[in-house]
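A.B. asks: I have a structure I would like to understand better, so I am pasting it below and will then ask my questions one at a time.
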Amino acid sequence: MQIEQAREFILDKLKKELPACFHYHNADHALDVYTASKQLAQSEGIGDHETQLLLTAALFHDSGFLSGQKDHESKSCNNARLYLPNFGYTDEDIERICDIIMATKMPQSPHNHLGQIICDADLDYLGRNDFFVLSKKLFSELVITDGLKTENDWDKQQIVFLKNHHYFTKTAIELRGPAKQLHLEEIIKRTV
């Protein structure tokens, strides 16, 4: 597996070909999920080969946005199947990568440890200091792609989402849970 070459390829493709309306779901997000996945895999004691599969899934997990927003996880798997053989990935590795990618489909329902890790990495920002910066980027994307109208509507959506969301891994629960709760409380205060 030539993960560095695959990483360079898909990030370049996202930067060049993704429609400009994707202010959040872009190459920066792919890299963010890759970094969070790497940290979580290390903390969760994941072996080298499985970590490579996880990191590849992180890079490709939203590449389906290149073909549109609807059912983008399946489209991301199509991209993995199309491009990853060029980087020395076996069919078995690619199917495992697709299984990891599909865990990110909302509502998240991972059925193994790698799926839990990518789900936590995908929403790592919920419990980080840059939450409000990234939340604003997602809001500006949803105004264009989903017809979201006002920041107040967005706050209401975020409250429901944050109340229902839970991290899966012990690492994310401890590392991101407390700050996520503070962010929720701050949004609730400003919507009253």
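Each chain of the structure tokens is named A, B, ... in the order shown, its residues numbered from 1; ligands are numbered from 1 in display order.
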Env of Leu182 of chain A: 12 Å cut, atoms = only C-alpha atoms, seq-sep filter 5 positions within chain, self excluded. Answer as an mmCIF file with N, CA, C and O atoms, in the first residue's frame.
C.D. replies:
data_model
loop_
_atom_site.group_PDB
_atom_site.id
_atom_site.type_symbol
_atom_site.label_atom_id
_atom_site.label_comp_id
_atom_site.auth_asym_id
_atom_site.auth_seq_id
_atom_site.Cartn_x
_atom_site.Cartn_y
_atom_site.Cartn_z
ATOM 1 N N LEU A 126 -16.194 18.490 17.153
ATOM 2 C CA LEU A 126 -17.268 18.836 18.091
ATOM 3 C C LEU A 126 -16.737 19.130 19.486
ATOM 4 O O LEU A 126 -17.340 19.899 20.229
ATOM 5 N N GLY A 127 -15.598 18.522 19.816
ATOM 6 C CA GLY A 127 -15.029 18.708 21.142
ATOM 7 C C GLY A 127 -13.677 19.398 21.136
ATOM 8 O O GLY A 127 -12.865 19.190 22.034
ATOM 9 N N ARG A 128 -13.455 20.210 20.109
ATOM 10 C CA ARG A 128 -12.167 20.920 20.008
ATOM 11 C C ARG A 128 -12.352 22.426 20.099
ATOM 12 O O ARG A 128 -13.458 22.945 19.948
ATOM 13 N N ASN A 129 -11.223 23.108 20.270
ATOM 14 C CA ASN A 129 -11.239 24.577 20.371
ATOM 15 C C ASN A 129 -11.668 25.264 19.079
ATOM 16 O O ASN A 129 -12.139 26.401 19.113
ATOM 17 N N PHE A 131 -14.108 24.389 17.204
ATOM 18 C CA PHE A 131 -15.486 23.998 16.919
ATOM 19 C C PHE A 131 -16.283 25.109 16.242
ATOM 20 O O PHE A 131 -16.932 24.889 15.220
ATOM 21 N N PHE A 132 -16.256 26.319 16.798
ATOM 22 C CA PHE A 132 -17.101 27.384 16.263
ATOM 23 C C PHE A 132 -16.625 27.866 14.888
ATOM 24 O O PHE A 132 -17.441 28.239 14.046
ATOM 25 N N ILE A 159 -28.039 22.004 18.310
ATOM 26 C CA ILE A 159 -28.445 21.578 19.657
ATOM 27 C C ILE A 159 -28.966 20.145 19.610
ATOM 28 O O ILE A 159 -28.545 19.295 20.395
ATOM 29 N N LEU A 162 -25.950 17.769 18.758
ATOM 30 C CA LEU A 162 -25.009 17.598 19.867
ATOM 31 C C LEU A 162 -25.623 16.816 21.029
ATOM 32 O O LEU A 162 -24.943 16.022 21.679
ATOM 33 N N LYS A 163 -26.904 17.020 21.280
ATOM 34 C CA LYS A 163 -27.573 16.267 22.354
ATOM 35 C C LYS A 163 -27.635 14.779 22.032
ATOM 36 O O LYS A 163 -27.543 13.941 22.926
ATOM 37 N N ARG A 176 -12.602 14.491 24.043
ATOM 38 C CA ARG A 176 -13.470 15.476 23.377
ATOM 39 C C ARG A 176 -14.832 15.681 24.049
ATOM 40 O O ARG A 176 -15.485 16.696 23.812
ATOM 41 N N GLY A 177 -15.260 14.728 24.848
ATOM 42 C CA GLY A 177 -16.587 14.810 25.464
ATOM 43 C C GLY A 177 -16.851 16.060 26.285
ATOM 44 O O GLY A 177 -17.861 16.742 26.080
ATOM 45 N N ILE A 187 -24.207 27.147 22.882
ATOM 46 C CA ILE A 187 -25.214 27.335 21.812
ATOM 47 C C ILE A 187 -26.609 27.474 22.435
ATOM 48 O O ILE A 187 -27.394 28.325 22.002
ATOM 49 N N ILE A 188 -26.913 26.677 23.429
ATOM 50 C CA ILE A 188 -28.226 26.764 24.086
ATOM 51 C C ILE A 188 -28.424 28.160 24.678
ATOM 52 O O ILE A 188 -29.477 28.769 24.522
ATOM 53 N N LYS A 189 -27.376 28.693 25.339
ATOM 54 C CA LYS A 189 -27.471 30.042 25.941
ATOM 55 C C LYS A 189 -27.809 31.117 24.929
ATOM 56 O O LYS A 189 -28.612 32.011 25.184
#
A.B. asks: Excluding Asn79 of chain A and any residue of its chain fewer than 3 positions from it, enumerate the residues within 8 Å of it, using only C-alpha atoms, and give them as JSON, numbers by chain.
C.D. replies: {"A": [60, 63, 64, 75, 76, 82, 83, 84]}
A.B. asks: Hey, what's within 12 Å of Ile10 of chain A if we count only C-alpha atoms and toss same-chain stuff fewer than 5 positions away? As a count of residues only, please?
C.D. replies: 29
A.B. asks: For Gly68 of chain A, which of A:Val143, A:Cys21, A:Leu40, A:Leu134 is the closest residue, counting only C-alpha atoms?
C.D. replies: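 Smallest distance to Gly68 of chain A is found for A:Cys21.
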A.B. asks: By how many Å are atom CA of Phe9 of chain A and atom CA of Ala121 of chain A apart?
C.D. replies: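 Pair atom CA of Phe9 of chain A / atom CA of Ala121 of chain A returns 21.1 Å.
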